[in-house]
Amino acid sequence: MANSALQLPIIDLCSSDRISTAQSIRQACMEFGFFYLINHGIEEELFKRVFEESRKFFMLPFEENMKVVRKNHRGYTPLYAEKLDTSSSTKGDSKESFYIGPLEDIATFGKLNQWPPAELLPLWRSTMEDYYKRVLNAGKTLISLLALALNLEEDFFEKVGALDQPNGFLRLLHYPGELGIGDQQIYGASSHSDYGMITLLAAEDVAGLQVCREKSEQPQVWEDVPHIKGAFIVNIGDMMERWTNCLFRSTLHRVLPTGRERHSAAFFLDPNPDCMVECLKSCCSESFPPRYPPIRSGDYLEERFRLTYA
Ligand SMILES: O=C(O)CCC(=O)C(=O)O
Ligand SMILES: [Fe+2]
């Protein structure tokens with residue numbers, strides 16, 4: 001059941017009033033787990049180049065795409081290869097994607113990223129690396145505001161090692177327009193919550209993204225998330241929900257096939273794999289004890305990926 005469009009809060013990353021911004025973020029994360037982010041420093045022109053290059057990759061012959069098929073969670077995943085809703089019997093999702101992990105100059109764990117051949121797409125790698133660095137920076141600034149929003153020191157997530165070589169994954173997504181329309185069994189992206197800390201999503205102005213604010217309510221109510229030009233759609237992931245003892249919500253979302261082709265770019269900002277995710281002191285008390293045991297970030301993510309690609 002889908003209904004009206006949702007009015008999500010708009011957060012200004014550059015506002016000089018950090019305390020009031022942090023308060024607005026707190027409210028948004030408790031109420032929706034989603035908000036728009038503006039003034040994040042990434043120009044329209046760079047988004048345009050990212051989508052242009054992304055489009056070129058997905059237009060290559062399938063054999064070319066498959067030469068960089070996903071290894072070590074980096075590279076190409078074909079249509080239907082992934083099912084984000086691991087609990088349902090729906091078919092695989094009608095999307096294809098490309099994952100880019102931490103860049104060589106940021107990561108210590110070697111050269112795992114795969115790139116389309118420069119002979120075919122000469123500007124591809126530099127465009128994606130440029131975008132990766134910029135969105136990572138915006139994400140780190142946002143995380144410091146999230147710390148303030150949780151009544152913590154603004155460098156809290158740095159001090160616990162989350163942002164020291166964070167596990168950032170840029171994922172380019174392509175939903176072909178003609179697939180799955182009206183088929184109850186096929187989603188562009190089936191219902192899921194994201195796994196990590198926060199996600200910064202940039203999308204073309206094509207409808208399809210929906211959120212479900214109450215996951216346990218039946219029937220589930222799905223609301224459209226309208227596009228705002230130049231704004232990121234940010235959402236809280238499951239690890240941040242664990243960290244905050246469910247104060248901040250990791251909200252279910254999905255992408256419906258609408259008959260129109262859609263490109264998006266999701267940046268998943270996840271903690272360094274060795275960082276322990278443990279209920280924050282500011283989010284528990286004697287009457288509200290921690291709901292989850294501490295867990296190593298890398299172990300948590302590995303298990304979630306294992307289930308998604310099972
Ligand atoms: O493409 C979109 O708009 C959403 C993608 C998404 O939710 C995801 O990849 O986790
Ligand atoms: Fe998602």
# chains A, B, ... in the order shown; residues from 1 in each chain; ligands from 1
>>> residues_around(residues="range 65-67 of chain A", least_positions_apart="2", cutoff="12 Å", atoms="only C-alpha atoms", output="list in words")
Ser54, Lys56, Phe57, Phe58, Met59, Leu60, Pro61, Phe62, Glu63, Val69, Arg70, Lys71, Gly75, Tyr76, Thr77, Pro78, Leu79, Glu96, Ser97, Phe98, Gln114, Trp115, Pro116, Pro117 and Leu120 of chain A
>>> closest_atom_pairs(of="chain A", to="ligand 1", cutoff="6 Å", atoms="only C-alpha atoms and all ligand atoms", output="tab-separated table")
residue	atom	partner	partner_atom_place_in_ligand_line	distance
A:Asp194	CA	ligand 1	10 (O)	5.6
A:Leu209	CA	ligand 1	3 (O)	5.3
A:Ser264	CA	ligand 1	1 (O)	5.0
A:Ala266	CA	ligand 1	9 (O)	5.9
>>> write_last_selection(atoms="C-alpha atoms", output="PDB file, in the first residue's frame")
ATOM      1  CA  ASP A 194      21.005  -0.254   5.378  1.00  0.00           C
ATOM      2  CA  LEU A 209      12.141   5.472  -3.450  1.00  0.00           C
ATOM      3  CA  SER A 264      21.399   6.578  -8.204  1.00  0.00           C
ATOM      4  CA  ALA A 266      24.569   5.455  -2.587  1.00  0.00           C
TER       5      ALA A 266
END
>>> closest_residue(among="A:Asn137, A:Thr199, A:Asn235, A:Ser193", to="Thr86 in chain A", atoms="only C-alpha atoms")
A:Ser193
>>> residues_near_ligand(ligand="ligand 2", cutoff="9 Å", atoms="only C-alpha atoms and all ligand atoms", output="list of chain:residue names")
A:Leu84, A:Ala189, A:Ser191, A:His192, A:Ser193, A:Asp194, A:Tyr195, A:Thr199, A:Leu201, A:Asn235, A:Gly237, A:Leu252, A:His253, A:Arg254, A:Val255, A:Ala266, A:Phe268
>>> residues_around(residues="Ala149 in chain A", least_positions_apart="4", cutoff="7 Å", atoms="only C-alpha atoms", output="JSON, numbers by chain")
{"A": [22, 23, 25, 26, 145]}
>>> closest_residue(among="A:Phe267, A:Phe32, A:Phe305, A:Phe232", to="Tyr99 in chain A", atoms="only C-alpha atoms")
A:Phe267
